[in-house]
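**Q** Let me begin by handing over the structure; questions about it come next.
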Amino acid sequence: SSGVYSVLVDSNSDYNNISINSTDSTKEDVIIAGDKNGIGGNFTSTNGLVAINITGSGKMLYLIENSTFLSATTDGSTINIGASNVVFDFAGYSITGDNYTAASYNDYGVYIDGYNNTVIRNGFIYLFYKGINVNGGYHTNITNMTLEGNADGGIYLYTSDSSALSNNTVSDCVINNNDGYTAGSEYGVDILTSNVTIRRNNISNHEGYGIYTASSNVTVYGNNVSSNSVEGIYLSGGNYYNVSENNVSSNINRGIYISGSNSTIYKNNVSLN
């Protein structure tokens with residue numbers, strides 16, 4: 001946190017609905033430490049600042065309207081999860097970025113760095129650099145989300161220490177057409193950590209891979225993966241992959257590529273790759 005913000009909701013302030021039309025790009029827009037608050041509006045935080053910073057551990061926040069975020073001039077996070085055990089419920093609403101695709105600018109729809117037991121659910125993320133970026137932590141659950149038009153990919157599960165981020169689930173999401181500035185670099189789901197489950201998602205139309213991992217203990221189950229420009233499902237660099245009951249079609253290279261030991265592949269429908 002910068003210490004300079006437009007609205008502060010402290011840890012004893014619950015059940016508020018906050019709608020903002022921000023015009024001051026020099027401040028973080030909202031810091032929320034209370035529980036069961038609603039947020040929405042038009043946000044303009046730039047210069048590396050955060051539009052919505054959730055700092056209350058064990059708290060829930062939800063959207064109350066479709067919201068827009070402008071951070072085109074420099075790096076910035078739209079929704080920053082700054083505590084563990086947080087639930088962010090989109091409640092059927094969307095967040096939309098500024099569609100800035102230059103490689104030097106990294107704005108994220110949702111950013112999680114080192115916090116645990118996070119739930120992101122029930123909404124839409126459009127036109128950011130990355131849709132959801134998870135760096136460190138464990139037990140992240142991303143469910144019933146639609147991610148489209150994000151410049152460098154839909155969902156990134158990443159850590160510099162492969163043991164630090166584990167037991168994460170991406171399920172029941174639509175991840176489509178997240179393409180940007182460098183052809184082939186944009187993946188639907190990019191997994192650089194172990195112990196991840198990817199299930200019941202629709203993943204299509206990326207310049208890179210539909211699902212990519214270079215880690216171990218990854219389960220890919222019941223997904224529809226189609227029309228991606230490299231492999232539909234690419235699992236390499238680790239072991240213990242379980243790939244089952246996926247529909248994989250019309251990907252430019254292979255439908256499914258696996259390089260590793262102790263893996264199971266069964267009951268997949270693979271066609272026209």
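Chain labels A, B, ... are given in the sequence in which chains occur in the structure tokens; within each chain residues are numbered consecutively from 1, and ligands are likewise numbered from 1 in the order shown.
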Neighbouring residues of segment 249-258 of chain A were defined as those with any atom within 12 Å, considering only C-alpha atoms; residues of the same chain fewer than 6 positions away were excluded. Please report them as a count of residues only.
**A** 48
**Q** For Ile39 of chain A, find every residue with an atom within 7 Å (counting only C-alpha atoms), except residues of its own chain fewer than 2 positions away, and show them as an mmCIF file with N, CA and C atoms, in the first residue's frame.
**A**
data_model
loop_
_atom_site.group_PDB
_atom_site.id
_atom_site.type_symbol
_atom_site.label_atom_id
_atom_site.label_comp_id
_atom_site.auth_asym_id
_atom_site.auth_seq_id
_atom_site.Cartn_x
_atom_site.Cartn_y
_atom_site.Cartn_z
ATOM 1 N N ASN A 17 -21.892 -0.757 0.744
ATOM 2 C CA ASN A 17 -21.827 -0.766 -0.713
ATOM 3 C C ASN A 17 -21.147 0.518 -1.164
ATOM 4 N N ILE A 18 -20.062 0.380 -1.918
ATOM 5 C CA ILE A 18 -19.222 1.514 -2.288
ATOM 6 C C ILE A 18 -19.134 1.572 -3.813
ATOM 7 N N SER A 19 -19.600 2.684 -4.393
ATOM 8 C CA SER A 19 -19.486 2.898 -5.834
ATOM 9 C C SER A 19 -18.668 4.160 -6.059
ATOM 10 N N ASN A 37 -18.324 -6.378 2.246
ATOM 11 C CA ASN A 37 -18.541 -5.096 1.601
ATOM 12 C C ASN A 37 -18.682 -5.283 0.095
ATOM 13 N N TYR A 62 -17.441 -8.341 -2.597
ATOM 14 C CA TYR A 62 -18.145 -8.693 -3.827
ATOM 15 C C TYR A 62 -18.363 -7.446 -4.684
ATOM 16 N N LEU A 63 -18.489 -7.682 -5.992
ATOM 17 C CA LEU A 63 -18.809 -6.600 -6.912
ATOM 18 C C LEU A 63 -20.287 -6.275 -6.838
ATOM 19 N N ILE A 64 -20.617 -4.991 -7.042
ATOM 20 C CA ILE A 64 -22.015 -4.578 -7.075
ATOM 21 C C ILE A 64 -22.420 -4.031 -8.437
#
**Q** Which residue is closest to Glu148 of chain A? Choose from A:Tyr187, A:Tyr5, A:Tyr111, A:Phe69 and count only C-alpha atoms.
**A**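 Once distances to Glu148 of chain A are computed over only C-alpha atoms, the minimum belongs to A:Tyr187.
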**Q** Near Arg199 of chain A, counting only C-alpha atoms, which residues have an atom at most 10 Å away, once you skip same-chain residues fewer than 5 positions from it, shown as a list in words?
**A** Thr143, Thr169, Val170, Ser171, Asp172, Cys173, Thr219, Val220, Tyr221, Gly222, Asn223, Asn224, Val243, Ser244, Glu245 and Asn246 of chain A
**Q** Please list as JSON, numbers by chain every residue within 7 Å of Met145 of chain A, counting only C-alpha atoms and excluding residues in the same chain fewer than 2 positions away.
**A** {"A": [121, 122, 123, 124, 143, 147, 173, 174]}
**Q** Compile the contact shell of Asn116 of chain A as a list in words: residues with an atom at most 7 Å away, counting only C-alpha atoms, same-chain residues fewer than 5 positions apart removed.
**A**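 Selected residues are Ser84, Asn85, Gly137, Tyr138, His139 and Thr140 of chain A.
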**Q** Next, write the just-selected residues to a file, as a compact mmCIF listing (two decimals), in the first residue's frame, keeping all heavy atoms as the atom set.
**A**
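The file below, part_0.txt, is the result:
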# COMPACT_ATOMS: atom_id res chain seq x y z
N SER A 84 -4.69 -13.46 3.52
CA SER A 84 -5.11 -14.84 3.31
C SER A 84 -6.58 -15.03 3.67
O SER A 84 -7.18 -14.20 4.34
CB SER A 84 -4.24 -15.79 4.15
OG SER A 84 -2.90 -15.79 3.69
N ASN A 85 -7.15 -16.14 3.19
CA ASN A 85 -8.53 -16.52 3.50
C ASN A 85 -9.54 -15.49 3.01
O ASN A 85 -10.54 -15.19 3.69
CB ASN A 85 -8.69 -16.76 5.00
CG ASN A 85 -7.69 -17.76 5.54
OD1 ASN A 85 -7.63 -18.89 5.10
ND2 ASN A 85 -6.87 -17.31 6.49
N GLY A 137 1.79 -18.94 -2.51
CA GLY A 137 0.59 -19.25 -1.74
C GLY A 137 0.07 -20.63 -2.07
O GLY A 137 0.61 -21.36 -2.91
N TYR A 138 -1.03 -21.01 -1.43
CA TYR A 138 -1.62 -22.31 -1.71
C TYR A 138 -3.13 -22.25 -1.52
O TYR A 138 -3.68 -21.30 -0.97
CB TYR A 138 -1.01 -23.42 -0.84
CG TYR A 138 -1.13 -23.22 0.65
CD1 TYR A 138 -2.30 -23.55 1.34
CD2 TYR A 138 -0.08 -22.68 1.38
CE1 TYR A 138 -2.41 -23.38 2.69
CE2 TYR A 138 -0.19 -22.51 2.75
CZ TYR A 138 -1.36 -22.85 3.40
OH TYR A 138 -1.46 -22.67 4.76
N HIS A 139 -3.81 -23.30 -2.05
CA HIS A 139 -5.26 -23.41 -1.98
C HIS A 139 -5.95 -22.18 -2.59
O HIS A 139 -6.82 -21.56 -1.98
CB HIS A 139 -5.74 -23.63 -0.55
CG HIS A 139 -5.36 -24.97 0.01
ND1 HIS A 139 -4.79 -25.13 1.24
CD2 HIS A 139 -5.46 -26.22 -0.50
CE1 HIS A 139 -4.55 -26.41 1.46
NE2 HIS A 139 -4.94 -27.09 0.41
N THR A 140 -5.56 -21.84 -3.79
CA THR A 140 -6.29 -20.85 -4.57
C THR A 140 -7.37 -21.57 -5.36
O THR A 140 -7.09 -22.54 -6.05
CB THR A 140 -5.35 -20.11 -5.54
OG1 THR A 140 -4.30 -19.50 -4.79
CG2 THR A 140 -6.10 -19.05 -6.33
**Q** Neighbours of Gly109 of chain A within 12 Å (only C-alpha atoms; same-chain residues fewer than 2 positions away dropped), as a ChimeraX atom specification?
**A** /A:50-52,67-71,75-81,90,94-99,106-107,111-112,120,123-134,145-156
